[in-house]
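structure09.txt follows (compact mmCIF, C-alpha atoms):
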```txt
# COMPACT_ATOMS: atom_id res chain seq x y z
CA MET B 1 0.12 -46.00 5.23
CA SER B 2 0.01 -46.11 9.01
CA ALA B 3 2.32 -44.11 11.22
CA GLY B 4 3.82 -47.33 12.55
CA GLN B 5 5.51 -48.05 9.20
CA LEU B 6 7.47 -44.79 9.22
CA PRO B 7 10.66 -44.39 11.24
CA VAL B 8 9.56 -41.63 13.60
CA ALA B 9 12.37 -40.06 15.60
CA ALA B 10 11.68 -39.69 19.29
CA PRO B 11 11.07 -36.08 20.37
CA SER B 12 14.06 -34.43 22.00
CA GLY B 13 13.98 -33.56 25.65
CA THR B 14 13.87 -30.00 26.98
CA TRP B 15 17.46 -30.05 28.24
CA PRO B 16 19.12 -30.89 24.87
CA MET B 17 17.08 -28.14 23.16
CA PHE B 18 17.92 -25.63 25.89
CA ARG B 19 21.59 -26.66 25.83
CA ALA B 20 21.83 -26.32 22.06
CA MET B 21 20.15 -22.91 21.86
CA VAL B 22 21.98 -21.39 24.84
CA GLY B 23 25.33 -22.96 23.89
CA VAL B 24 25.16 -21.81 20.28
CA GLY B 25 23.83 -18.40 21.36
CA LEU B 26 26.73 -17.89 23.79
CA ALA B 27 29.32 -18.94 21.21
CA CYS B 28 27.74 -16.68 18.57
CA GLY B 29 27.69 -13.75 21.01
CA LEU B 30 31.39 -14.25 21.71
CA ILE B 31 32.21 -14.33 17.98
CA ILE B 32 30.21 -11.15 17.29
CA VAL B 33 31.74 -9.21 20.19
CA SER B 34 35.26 -10.32 19.16
CA ALA B 35 34.64 -9.26 15.54
CA TYR B 36 33.25 -5.91 16.72
CA LEU B 37 36.19 -5.20 19.02
CA GLY B 38 38.70 -6.45 16.44
CA THR B 39 37.42 -4.23 13.63
CA LYS B 40 36.34 -1.17 15.70
CA PRO B 41 39.65 0.79 15.55
CA ARG B 42 39.91 0.25 11.79
CA ILE B 43 36.25 1.23 11.17
CA GLU B 44 36.60 4.39 13.30
CA HIS B 45 39.79 5.25 11.44
CA ASN B 46 38.00 4.78 8.08
CA ARG B 47 35.08 6.94 9.24
CA ALA B 48 37.36 9.73 10.48
CA GLU B 49 39.33 9.61 7.21
CA ALA B 50 36.15 9.75 5.12
CA LEU B 51 34.83 12.69 7.16
CA ALA B 52 38.17 14.57 6.94
CA ALA B 53 38.32 14.01 3.16
CA ALA B 54 34.73 15.23 2.85
CA ILE B 55 35.50 18.37 4.94
CA TYR B 56 38.41 19.30 2.64
CA ASP B 57 36.18 18.54 -0.36
CA VAL B 58 33.45 20.98 0.67
CA LEU B 59 35.80 23.69 1.96
CA PRO B 60 38.21 24.55 -0.88
CA GLY B 61 41.57 25.70 0.53
CA ALA B 62 41.20 23.96 3.91
CA VAL B 63 44.12 21.77 5.02
CA SER B 64 43.15 21.15 8.65
CA SER B 65 39.96 21.11 10.66
CA ALA B 66 38.56 21.20 14.18
CA THR B 67 35.17 20.17 15.47
CA PHE B 68 33.05 22.54 17.56
CA ARG B 69 29.89 22.01 19.55
CA TRP B 70 27.01 24.47 19.67
CA GLN B 71 25.21 25.20 22.90
CA GLU B 72 22.24 27.53 23.05
CA GLY B 73 23.27 30.61 25.00
CA ALA B 74 26.97 29.69 25.17
CA GLY B 75 27.78 29.60 21.43
CA PHE B 76 30.55 27.47 19.93
CA ALA B 77 33.11 25.59 22.04
CA PRO B 78 35.75 23.06 20.91
CA LEU B 79 34.40 19.51 21.02
CA THR B 80 36.02 17.38 23.69
CA ALA B 81 35.65 13.70 24.44
CA GLU B 82 33.32 14.51 27.34
CA SER B 83 31.14 17.14 25.65
CA GLY B 84 29.56 14.91 22.97
CA GLY B 85 26.23 16.02 21.51
CA ASP B 86 24.88 16.14 17.98
CA ALA B 87 24.88 19.91 17.40
CA ARG B 88 28.37 20.12 15.94
CA VAL B 89 30.21 21.72 13.03
CA HIS B 90 33.67 21.28 11.54
CA ALA B 91 35.70 24.46 11.05
CA GLY B 92 38.28 24.30 8.23
CA TYR B 93 41.57 26.24 8.29
CA ASP B 94 44.11 27.05 5.56
CA ALA B 95 47.90 26.51 5.75
CA GLU B 96 48.30 29.74 7.76
CA GLY B 97 45.66 28.67 10.27
CA ARG B 98 43.04 31.14 9.01
CA LEU B 99 39.38 30.08 9.09
CA VAL B 100 38.27 29.13 5.56
CA GLY B 101 34.70 28.09 6.32
CA VAL B 102 32.54 25.67 8.23
CA ALA B 103 31.42 22.18 7.21
CA ILE B 104 28.03 21.04 8.48
CA GLU B 105 26.38 17.61 8.41
CA ALA B 106 22.73 17.51 7.34
CA ALA B 107 20.16 14.83 6.54
CA GLY B 108 16.78 14.67 4.85
CA MET B 109 14.44 12.18 3.25
CA GLY B 110 15.26 11.34 -0.37
CA TYR B 111 13.48 9.14 -2.90
CA GLN B 112 14.42 5.82 -1.27
CA ASP B 113 15.89 6.60 2.12
CA VAL B 114 17.48 9.36 4.19
CA ILE B 115 20.24 11.28 2.38
CA HIS B 116 23.19 12.37 4.56
CA VAL B 117 25.30 15.23 3.24
CA LEU B 118 28.13 17.50 4.34
CA TRP B 119 27.97 21.09 3.10
CA GLY B 120 30.57 23.82 3.26
CA TYR B 121 29.64 27.34 4.38
CA SER B 122 31.70 30.43 3.62
CA ILE B 123 31.21 33.05 6.37
CA THR B 124 32.41 35.95 4.23
CA GLU B 125 30.41 35.02 1.12
CA GLU B 126 27.37 33.87 3.13
CA ALA B 127 27.07 31.01 0.68
CA ILE B 128 27.25 27.24 0.39
CA VAL B 129 30.60 26.55 -1.29
CA GLY B 130 30.62 22.76 -1.51
CA LEU B 131 28.43 19.68 -1.10
CA LYS B 132 29.35 16.05 -0.56
CA VAL B 133 26.81 13.23 -0.24
CA LEU B 134 27.99 11.06 2.65
CA GLU B 135 25.27 8.43 2.47
CA SER B 136 22.36 7.81 0.13
CA ARG B 137 20.40 4.93 -1.34
CA GLU B 138 19.01 6.83 -4.33
CA THR B 139 18.26 4.92 -7.56
CA PRO B 140 21.50 3.90 -9.31
CA GLY B 141 21.90 5.74 -12.60
CA LEU B 142 19.17 8.31 -11.80
CA GLY B 143 18.86 9.63 -8.24
CA ASP B 144 22.45 8.78 -7.34
CA ARG B 145 23.61 11.38 -9.87
CA ILE B 146 23.24 13.92 -7.03
CA GLU B 147 26.53 12.44 -5.77
CA HIS B 148 28.72 13.01 -8.83
CA ASP B 149 26.90 14.86 -11.63
CA PRO B 150 29.30 17.79 -12.39
CA ALA B 151 26.51 20.10 -13.61
CA PHE B 152 24.47 19.48 -10.44
CA LEU B 153 27.46 19.92 -8.11
CA GLU B 154 28.25 23.19 -9.92
CA ASN B 155 25.14 24.59 -8.11
CA PHE B 156 27.08 24.38 -4.85
CA ARG B 157 30.17 26.29 -5.98
CA ARG B 158 28.37 29.40 -4.66
CA LEU B 159 24.77 28.92 -3.51
CA ASP B 160 23.42 32.01 -1.79
CA VAL B 161 22.25 31.47 1.83
CA SER B 162 22.62 35.06 3.00
CA LEU B 163 20.67 36.15 6.06
CA ALA B 164 17.78 38.60 6.16
CA ASP B 165 18.35 41.95 7.86
CA ASP B 166 17.31 40.62 11.27
CA GLY B 167 20.08 37.97 11.03
CA GLN B 168 17.69 35.24 12.19
CA ALA B 169 16.50 33.67 8.94
CA LEU B 170 17.57 33.20 5.32
CA ARG B 171 16.78 36.08 2.95
CA HIS B 172 15.56 33.55 0.33
CA ASP B 173 14.54 29.93 0.72
CA VAL B 174 16.91 27.50 -0.95
CA ALA B 175 14.92 25.42 -3.44
CA ALA B 176 15.49 23.13 -6.40
CA VAL B 177 13.95 24.35 -9.67
CA LYS B 178 13.27 22.51 -12.93
CA HIS B 179 16.36 21.81 -15.02
CA GLY B 180 17.36 24.84 -17.10
CA THR B 181 15.13 27.34 -15.25
CA LYS B 182 17.59 28.52 -12.55
CA THR B 183 17.74 32.32 -12.57
CA ASN B 184 18.70 33.23 -8.98
CA PRO B 185 21.84 32.36 -6.97
CA TRP B 186 19.76 30.66 -4.24
CA GLU B 187 18.15 28.20 -6.65
CA ILE B 188 19.37 24.68 -7.45
CA ASP B 189 19.21 23.51 -11.05
CA SER B 190 17.65 20.01 -10.76
CA ILE B 191 18.79 16.90 -12.62
CA THR B 192 16.35 15.64 -15.25
CA GLY B 193 15.22 12.19 -14.12
CA ALA B 194 16.23 12.82 -10.52
CA THR B 195 13.74 15.53 -9.57
CA ILE B 196 12.79 14.07 -6.18
CA SER B 197 16.43 13.56 -5.15
CA SER B 198 17.31 17.12 -6.31
CA LYS B 199 14.36 18.58 -4.39
CA ALA B 200 15.36 16.56 -1.32
CA ILE B 201 18.83 18.13 -1.44
CA GLY B 202 17.21 21.58 -1.79
CA SER B 203 14.92 21.16 1.20
CA LEU B 204 17.51 19.54 3.47
CA LEU B 205 19.99 22.36 2.71
CA ASP B 206 17.29 24.95 3.32
CA ALA B 207 16.40 23.42 6.68
CA SER B 208 20.03 23.03 7.76
CA ALA B 209 21.15 26.49 6.53
CA SER B 210 18.18 28.14 8.26
CA VAL B 211 19.42 26.75 11.56
CA TRP B 212 23.19 27.01 11.15
CA ALA B 213 23.80 30.18 9.11
CA PRO B 214 22.40 32.49 11.87
CA ARG B 215 24.33 30.57 14.56
CA ILE B 216 27.62 30.75 12.64
CA GLN B 217 27.22 34.41 11.69
CA SER B 218 26.52 35.37 15.30
CA GLY B 219 29.21 33.21 16.90
CA HIS B 220 31.98 32.82 14.34
CA GLU B 221 34.56 34.65 16.52
CA SER B 222 34.88 31.47 18.60
CA LEU B 223 35.68 29.51 15.44
CA GLU B 224 38.38 31.88 14.11
CA VAL B 225 41.23 30.39 16.18
CA LYS B 226 42.04 26.73 15.75
CA PRO B 227 41.96 25.01 19.17
CA MET Z 228 22.91 -37.38 -6.30
CA SER Z 229 20.98 -40.63 -6.25
CA GLY Z 230 23.30 -42.14 -8.89
CA HIS Z 231 26.36 -41.62 -6.65
CA PRO Z 232 25.93 -43.39 -3.32
CA THR Z 233 29.23 -42.05 -1.92
CA PRO Z 234 30.14 -38.91 -3.81
CA SER Z 235 33.72 -37.71 -3.41
CA THR Z 236 34.67 -34.34 -1.91
CA THR Z 237 35.60 -33.13 -5.40
CA ASP Z 238 32.13 -34.11 -6.63
CA GLU Z 239 30.53 -32.08 -3.84
CA PHE Z 240 32.68 -29.11 -4.79
CA LEU Z 241 32.05 -29.27 -8.55
CA LYS Z 242 28.31 -29.86 -8.09
CA GLY Z 243 27.67 -26.35 -6.71
CA LEU Z 244 30.14 -24.68 -8.98
CA TRP Z 245 28.55 -25.88 -12.19
CA ARG Z 246 26.10 -28.81 -12.34
CA GLU Z 247 23.79 -27.47 -9.60
CA ASN Z 248 24.83 -23.82 -9.74
CA PRO Z 249 22.67 -21.98 -7.14
CA VAL Z 250 21.75 -19.14 -9.51
CA PHE Z 251 21.74 -20.58 -13.02
CA VAL Z 252 20.34 -24.04 -12.19
CA GLN Z 253 18.56 -23.82 -8.81
CA VAL Z 254 17.51 -20.15 -9.36
CA LEU Z 255 18.03 -19.36 -5.65
CA GLY Z 256 19.20 -16.14 -3.96
CA MET Z 257 17.61 -13.89 -6.58
CA CYS Z 258 17.43 -10.81 -4.32
CA PRO Z 259 21.20 -10.07 -4.18
CA THR Z 260 21.64 -11.54 -7.68
CA LEU Z 261 19.44 -8.83 -9.17
CA ALA Z 262 20.12 -6.00 -6.74
CA VAL Z 263 23.88 -5.74 -6.28
CA THR Z 264 25.21 -6.86 -9.65
CA ASN Z 265 25.15 -3.37 -11.20
CA THR Z 266 28.96 -3.33 -11.13
CA ALA Z 267 31.56 -6.12 -11.25
CA ARG Z 268 33.12 -4.86 -7.97
CA ASN Z 269 29.82 -5.05 -6.06
CA ALA Z 270 29.09 -8.49 -7.55
CA LEU Z 271 32.53 -9.80 -6.55
CA ALA Z 272 32.27 -8.38 -3.01
CA MET Z 273 28.78 -9.84 -2.49
CA GLY Z 274 29.92 -13.18 -3.97
CA LEU Z 275 32.92 -13.37 -1.63
CA ALA Z 276 30.84 -12.30 1.41
CA THR Z 277 28.26 -15.01 0.65
CA LEU Z 278 31.03 -17.57 0.04
CA PHE Z 279 32.55 -16.84 3.48
CA VAL Z 280 29.17 -17.10 5.25
CA LEU Z 281 28.25 -20.28 3.36
CA VAL Z 282 31.52 -22.09 4.12
CA SER Z 283 31.59 -20.96 7.77
CA SER Z 284 27.95 -21.84 8.46
CA ASN Z 285 28.28 -25.21 6.71
CA LEU Z 286 31.37 -25.96 8.79
CA VAL Z 287 29.72 -25.04 12.11
CA VAL Z 288 26.35 -26.66 11.33
CA SER Z 289 28.09 -29.87 10.26
CA ALA Z 290 30.31 -29.91 13.35
CA LEU Z 291 27.30 -29.38 15.66
CA ARG Z 292 24.84 -31.62 13.78
CA ARG Z 293 24.66 -34.27 16.52
CA PHE Z 294 24.38 -31.63 19.25
CA ILE Z 295 21.40 -29.73 17.74
CA PRO Z 296 17.93 -31.32 18.28
CA LYS Z 297 15.73 -31.27 15.19
CA GLU Z 298 13.06 -29.12 16.86
CA VAL Z 299 15.39 -26.13 17.23
CA ARG Z 300 17.59 -26.71 14.19
CA ILE Z 301 16.25 -23.88 11.97
CA ALA Z 302 16.50 -21.32 14.81
CA THR Z 303 20.05 -22.48 15.55
CA PHE Z 304 21.09 -22.41 11.88
CA ILE Z 305 19.78 -18.86 11.49
CA LEU Z 306 21.67 -17.83 14.63
CA VAL Z 307 24.90 -19.28 13.21
CA ILE Z 308 24.33 -17.68 9.79
CA ALA Z 309 23.43 -14.28 11.30
CA THR Z 310 26.63 -14.38 13.37
CA PHE Z 311 28.85 -14.84 10.33
CA VAL Z 312 26.91 -12.18 8.41
CA THR Z 313 27.54 -9.72 11.26
CA VAL Z 314 31.25 -10.61 11.15
CA VAL Z 315 31.30 -10.02 7.37
CA ASP Z 316 29.49 -6.70 7.85
CA TYR Z 317 32.17 -5.46 10.27
CA VAL Z 318 35.01 -6.77 8.09
CA ILE Z 319 33.67 -5.00 4.97
CA GLN Z 320 33.34 -1.74 6.95
CA ALA Z 321 36.94 -2.18 8.09
CA ILE Z 322 38.14 -2.82 4.52
CA SER Z 323 36.24 -0.03 2.75
CA LEU Z 324 33.34 2.21 3.79
CA ASP Z 325 32.64 2.94 0.10
CA LEU Z 326 32.17 -0.76 -0.61
CA HIS Z 327 29.96 -1.10 2.48
CA LYS Z 328 27.90 1.85 1.23
CA ALA Z 329 27.56 0.32 -2.24
CA LEU Z 330 26.36 -3.05 -0.91
CA GLY Z 331 23.98 -1.32 1.51
CA ALA Z 332 21.28 -3.42 3.13
CA PHE Z 333 22.15 -6.46 1.06
CA ILE Z 334 24.98 -7.49 3.39
CA ALA Z 335 22.51 -7.88 6.26
CA LEU Z 336 20.11 -9.66 3.92
CA ILE Z 337 22.65 -12.47 3.36
CA VAL Z 338 21.07 -13.89 6.56
CA VAL Z 339 17.92 -14.73 4.61
CA ASN Z 340 19.69 -15.86 1.43
CA CYS Z 341 17.97 -19.18 0.81
CA VAL Z 342 21.15 -20.70 -0.69
CA ILE Z 343 22.80 -20.56 2.75
CA LEU Z 344 19.93 -21.86 4.89
CA GLY Z 345 19.19 -24.37 2.12
CA ARG Z 346 22.70 -25.86 2.22
CA ALA Z 347 22.73 -25.90 6.06
CA GLU Z 348 19.41 -27.77 6.18
CA ALA Z 349 19.75 -30.01 3.11
CA PHE Z 350 23.44 -30.84 3.29
CA ALA Z 351 25.57 -29.71 6.25
CA SER Z 352 23.15 -31.01 8.91
CA LYS Z 353 23.35 -34.50 7.36
CA ASN Z 354 26.99 -34.75 6.24
CA GLY Z 355 30.52 -34.67 7.62
CA ILE Z 356 32.68 -31.58 7.98
CA ARG Z 357 34.89 -32.22 4.90
CA ALA Z 358 31.99 -32.81 2.54
CA SER Z 359 30.09 -29.84 4.00
CA VAL Z 360 33.01 -27.45 3.55
CA ALA Z 361 33.48 -28.72 -0.04
CA ASP Z 362 29.75 -28.23 -0.66
CA GLY Z 363 29.89 -24.69 0.81
CA LEU Z 364 32.97 -23.83 -1.26
CA GLY Z 365 31.40 -25.16 -4.47
CA MET Z 366 28.03 -23.48 -3.92
CA GLY Z 367 29.67 -20.24 -2.74
CA LEU Z 368 32.05 -20.06 -5.69
CA GLY Z 369 29.18 -21.01 -8.03
CA PHE Z 370 27.11 -18.16 -6.56
CA ALA Z 371 30.03 -15.71 -6.84
CA PHE Z 372 30.68 -16.85 -10.42
CA ALA Z 373 27.03 -16.26 -11.37
CA LEU Z 374 27.03 -12.81 -9.73
CA MET Z 375 30.20 -11.95 -11.64
CA CYS Z 376 28.62 -13.10 -14.93
CA LEU Z 377 25.81 -10.59 -14.34
CA GLY Z 378 27.99 -7.83 -12.89
CA VAL Z 379 30.50 -7.85 -15.75
CA VAL Z 380 27.82 -7.66 -18.49
CA ARG Z 381 25.80 -4.99 -16.64
CA GLU Z 382 28.79 -2.78 -15.86
CA ILE Z 383 30.25 -2.96 -19.38
CA LEU Z 384 26.95 -2.18 -21.10
CA GLY Z 385 25.56 0.15 -18.42
CA SER Z 386 28.66 2.21 -17.62
CA GLY Z 387 31.16 1.30 -20.35
CA THR Z 388 33.66 0.24 -17.67
CA LEU Z 389 34.93 -2.94 -16.00
CA PHE Z 390 36.02 -2.68 -12.34
CA GLY Z 391 35.87 1.09 -12.91
CA PHE Z 392 38.29 1.10 -15.88
CA PRO Z 393 36.91 2.25 -19.24
CA VAL Z 394 36.74 -0.66 -21.69
CA LEU Z 395 34.51 0.68 -24.45
CA PRO Z 396 35.29 3.53 -26.86
CA GLY Z 397 34.31 7.02 -25.68
CA ARG Z 398 31.59 7.34 -28.32
CA PHE Z 399 29.72 4.34 -26.83
CA GLN Z 400 26.39 5.50 -25.40
CA GLU Z 401 25.89 3.66 -22.07
CA TRP Z 402 22.66 1.69 -21.66
CA VAL Z 403 21.64 3.19 -18.31
CA MET Z 404 18.85 0.59 -18.11
CA MET Z 405 21.47 -2.12 -17.53
CA ILE Z 406 22.46 -0.74 -14.12
CA LEU Z 407 18.81 -0.30 -13.11
CA PRO Z 408 16.76 -3.23 -11.72
CA SER Z 409 15.25 -4.01 -15.14
CA GLY Z 410 18.78 -4.52 -16.52
CA GLY Z 411 19.31 -7.17 -13.84
CA PHE Z 412 16.25 -9.11 -15.02
CA PHE Z 413 17.27 -8.90 -18.70
CA THR Z 414 20.86 -9.99 -18.01
CA LEU Z 415 19.72 -12.87 -15.77
CA ALA Z 416 17.26 -13.99 -18.43
CA GLY Z 417 20.04 -13.92 -21.04
CA TRP Z 418 22.37 -16.07 -18.91
CA LEU Z 419 19.57 -18.51 -17.97
CA LEU Z 420 18.74 -18.87 -21.66
CA LEU Z 421 22.36 -19.64 -22.47
CA PHE Z 422 22.72 -22.16 -19.62
CA ASN Z 423 19.47 -23.96 -20.41
CA TRP Z 424 20.22 -24.10 -24.13
CA ARG Z 425 23.64 -25.61 -23.34
CA ARG Z 426 22.16 -28.16 -20.89
CA GLN Z 427 19.49 -29.23 -23.37
CA ARG Z 428 22.04 -29.57 -26.16
CA ASN Z 429 24.26 -31.73 -23.92
CA ALA Z 430 21.27 -33.88 -22.87
CA VAL Z 431 20.34 -34.46 -26.53
CA ARG Z 432 23.93 -35.40 -27.36
CA GLU Z 433 24.11 -37.83 -24.42
CA GLU Z 434 20.87 -39.48 -25.51
CA ALA Z 435 22.11 -39.77 -29.08
CA SER Z 436 25.36 -41.40 -27.98
```

Any chance you could give the structure as structure tokens?
Amino acid sequence: MSAGQLPVAAPSGTWPMFRAMVGVGLACGLIIVSAYLGTKPRIEHNRAEALAAAIYDVLPGAVSSATFRWQEGAGFAPLTAESGGDARVHAGYDAEGRLVGVAIEAAGMGYQDVIHVLWGYSITEEAIVGLKVLESRETPGLGDRIEHDPAFLENFRRLDVSLADDGQALRHDVAAVKHGTKTNPWEIDSITGATISSKAIGSLLDASASVWAPRIQSGHESLEVKP
Amino acid sequence: MSGHPTPSTTDEFLKGLWRENPVFVQVLGMCPTLAVTNTARNALAMGLATLFVLVSSNLVVSALRRFIPKEVRIATFILVIATFVTVVDYVIQAISLDLHKALGAFIALIVVNCVILGRAEAFASKNGIRASVADGLGMGLGFAFALMCLGVVREILGSGTLFGFPVLPGRFQEWVMMILPSGGFFTLAGWLLLFNWRRQRNAVREEAS
């Protein structure tokens, strides 16, 4: 069969191709920007609501919260629109305005992807008093049990993160141990079938508490009064 | 469609919904079919998101079919599809962050769902707007229906619930495997078996009559 027998369409010129790609690209850009701007207030509202709910979840007794920023040398200062920065904590207050504890965001590598959590810290007890998984892609039915398994979450009702005598480091490393072998208040009883996810929670809490517990203990006076 | 030289809009719609169902007959779009059908809610949300992208991209591709030169058609189709996927991504985040979290990366992966690019290339780029929208609606609803078939079975057997409400007696021991990837393969195989058995039976009956 020769090429002459087939109806071969003539190649398009450069201008029609350019016009189509640029035209469609511009229109698509407009649609995306409009969708982004249209949904932005609602998405930010949802995020703020989810974070507030998580703060009250990990700090039992808290009914209001305020966000503070940490600066090396200057300590904690209320977060303002201009200050920004990632080093921030959320202080929770009870109905009388007394400081209940501090909620801290932390992240660490899990089995599938990075796990983002919020943990509650009690200044008086020097302990983790609540944990909420904000984002994880752990295996459904196995690893994702770190999010809602009651026995696992029981670990974080009072998990010891007290400081050593120098006030600079944790007295004991927080670590996940094999299911049923927890003997100390700084150990996490792992979930059978979700060992890697449980260990990931242990190491990310250890890393985060090692940084934040000394900071909060040394500078908690600035957090006592709600801004 | 060779037997129907000018198929009606209804034909185009029903074709995707049942006769040429993208999942059960064409076996396309397996990635979301297996990955996000662990609950009925996730399956429904993914089905509706894909339906929206499919109808919108079919509409735009059909409307622009004379304007897009063949050399750049695939790039342009992907651009159109990716735009609607981004819109869906924002809309789902605005509706519910939990739902967005549950669907994870699979929302973004709708861009490479071969059902969508397949319909844009094989149908919308060669047909009018009405027929293309009907085709998108049929294929999209057919895809959503198939995802629901898997999601309902997997959630009931894997968690003992349907849309989060308990439907099986408390003493029922959940088959955790059903909400894991292997459960997706088993459930899909079961539905494919049922569909193929039914098609073969109908074909035999037609021949006999």

request  = May I have the residues of chain B within 8 Å of chain Z, counting only C-alpha atoms, written as a PyMOL selection string?
outcome  = chain B and resi 12+16-17+20-21+24-25+28-29+31-32+35-36+39-40+42-43+46-47+135+137+139-141

File dump, residues just selected, C-alpha atoms, as a PDB file, in the coordinates of the input:
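See part.pdb below for the written result:
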```pdb
ATOM      1  CA  SER B  12      14.060 -34.430  22.000  1.00  0.00           C
ATOM      2  CA  PRO B  16      19.120 -30.890  24.870  1.00  0.00           C
ATOM      3  CA  MET B  17      17.080 -28.140  23.160  1.00  0.00           C
ATOM      4  CA  ALA B  20      21.830 -26.320  22.060  1.00  0.00           C
ATOM      5  CA  MET B  21      20.150 -22.910  21.860  1.00  0.00           C
ATOM      6  CA  VAL B  24      25.160 -21.810  20.280  1.00  0.00           C
ATOM      7  CA  GLY B  25      23.830 -18.400  21.360  1.00  0.00           C
ATOM      8  CA  CYS B  28      27.740 -16.680  18.570  1.00  0.00           C
ATOM      9  CA  GLY B  29      27.690 -13.750  21.010  1.00  0.00           C
ATOM     10  CA  ILE B  31      32.210 -14.330  17.980  1.00  0.00           C
ATOM     11  CA  ILE B  32      30.210 -11.150  17.290  1.00  0.00           C
ATOM     12  CA  ALA B  35      34.640  -9.260  15.540  1.00  0.00           C
ATOM     13  CA  TYR B  36      33.250  -5.910  16.720  1.00  0.00           C
ATOM     14  CA  THR B  39      37.420  -4.230  13.630  1.00  0.00           C
ATOM     15  CA  LYS B  40      36.340  -1.170  15.700  1.00  0.00           C
ATOM     16  CA  ARG B  42      39.910   0.250  11.790  1.00  0.00           C
ATOM     17  CA  ILE B  43      36.250   1.230  11.170  1.00  0.00           C
ATOM     18  CA  ASN B  46      38.000   4.780   8.080  1.00  0.00           C
ATOM     19  CA  ARG B  47      35.080   6.940   9.240  1.00  0.00           C
ATOM     20  CA  GLU B 135      25.270   8.430   2.470  1.00  0.00           C
ATOM     21  CA  ARG B 137      20.400   4.930  -1.340  1.00  0.00           C
ATOM     22  CA  THR B 139      18.260   4.920  -7.560  1.00  0.00           C
ATOM     23  CA  PRO B 140      21.500   3.900  -9.310  1.00  0.00           C
ATOM     24  CA  GLY B 141      21.900   5.740 -12.600  1.00  0.00           C
TER      25      GLY B 141
END
```

request  = Pick out the residues sitting within 7 Å of Lys178 (chain B), and hand them over as a ChimeraX atom specification; count only C-alpha atoms, and ignore anything fewer than 3 positions along from it in its own chain.
outcome  = /B:181,189-190

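CA of Gly120 (chain B) sits 14.1 Å away from CA of Asp94 (chain B).
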
request  = Take CA of Thr264 (chain Z) and CA of Leu326 (chain Z) and report the distance between them in Å, one decimal.
outcome  = 12.9 Å

If we count all atoms listed in the file and set the cut-off at 10 Å, which residues sit around region 202-211 of chain B, ignoring sequence neighbours fewer than 4 positions away in its own chain? Please answer as a PDB file with C-alpha atoms, keeping the file's coordinate frame.
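Listed below is the output, around13.pdb:
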```
ATOM      1  CA  ILE B 104      28.030  21.040   8.480  1.00  0.00           C
ATOM      2  CA  GLU B 105      26.380  17.610   8.410  1.00  0.00           C
ATOM      3  CA  ALA B 106      22.730  17.510   7.340  1.00  0.00           C
ATOM      4  CA  ALA B 107      20.160  14.830   6.540  1.00  0.00           C
ATOM      5  CA  GLY B 108      16.780  14.670   4.850  1.00  0.00           C
ATOM      6  CA  MET B 109      14.440  12.180   3.250  1.00  0.00           C
ATOM      7  CA  GLY B 110      15.260  11.340  -0.370  1.00  0.00           C
ATOM      8  CA  ILE B 115      20.240  11.280   2.380  1.00  0.00           C
ATOM      9  CA  HIS B 116      23.190  12.370   4.560  1.00  0.00           C
ATOM     10  CA  VAL B 117      25.300  15.230   3.240  1.00  0.00           C
ATOM     11  CA  LEU B 118      28.130  17.500   4.340  1.00  0.00           C
ATOM     12  CA  TRP B 119      27.970  21.090   3.100  1.00  0.00           C
ATOM     13  CA  TYR B 121      29.640  27.340   4.380  1.00  0.00           C
ATOM     14  CA  ALA B 127      27.070  31.010   0.680  1.00  0.00           C
ATOM     15  CA  ILE B 128      27.250  27.240   0.390  1.00  0.00           C
ATOM     16  CA  LEU B 131      28.430  19.680  -1.100  1.00  0.00           C
ATOM     17  CA  VAL B 161      22.250  31.470   1.830  1.00  0.00           C
ATOM     18  CA  SER B 162      22.620  35.060   3.000  1.00  0.00           C
ATOM     19  CA  LEU B 163      20.670  36.150   6.060  1.00  0.00           C
ATOM     20  CA  GLN B 168      17.690  35.240  12.190  1.00  0.00           C
ATOM     21  CA  ALA B 169      16.500  33.670   8.940  1.00  0.00           C
ATOM     22  CA  LEU B 170      17.570  33.200   5.320  1.00  0.00           C
ATOM     23  CA  ARG B 171      16.780  36.080   2.950  1.00  0.00           C
ATOM     24  CA  HIS B 172      15.560  33.550   0.330  1.00  0.00           C
ATOM     25  CA  ASP B 173      14.540  29.930   0.720  1.00  0.00           C
ATOM     26  CA  VAL B 174      16.910  27.500  -0.950  1.00  0.00           C
ATOM     27  CA  ALA B 175      14.920  25.420  -3.440  1.00  0.00           C
ATOM     28  CA  ALA B 176      15.490  23.130  -6.400  1.00  0.00           C
ATOM     29  CA  VAL B 177      13.950  24.350  -9.670  1.00  0.00           C
ATOM     30  CA  TRP B 186      19.760  30.660  -4.240  1.00  0.00           C
ATOM     31  CA  GLU B 187      18.150  28.200  -6.650  1.00  0.00           C
ATOM     32  CA  ILE B 188      19.370  24.680  -7.450  1.00  0.00           C
ATOM     33  CA  ASP B 189      19.210  23.510 -11.050  1.00  0.00           C
ATOM     34  CA  SER B 190      17.650  20.010 -10.760  1.00  0.00           C
ATOM     35  CA  ILE B 196      12.790  14.070  -6.180  1.00  0.00           C
ATOM     36  CA  SER B 197      16.430  13.560  -5.150  1.00  0.00           C
ATOM     37  CA  SER B 198      17.310  17.120  -6.310  1.00  0.00           C
ATOM     38  CA  ARG B 215      24.330  30.570  14.560  1.00  0.00           C
ATOM     39  CA  ILE B 216      27.620  30.750  12.640  1.00  0.00           C
TER      40      ILE B 216
END
```

query = If you measure from CA of Ile305 (chain Z) to CA of Leu26 (chain B), what distance in Å do you get, rounded to one decimal?
reply = 14.2 Å

ask   = Of the candidates Z:Glu401, Z:Glu247, Z:Glu348, Z:Glu434, which one gets nearest to Met366 (chain Z) if we count all atoms listed in the file?
value = Z:Glu247
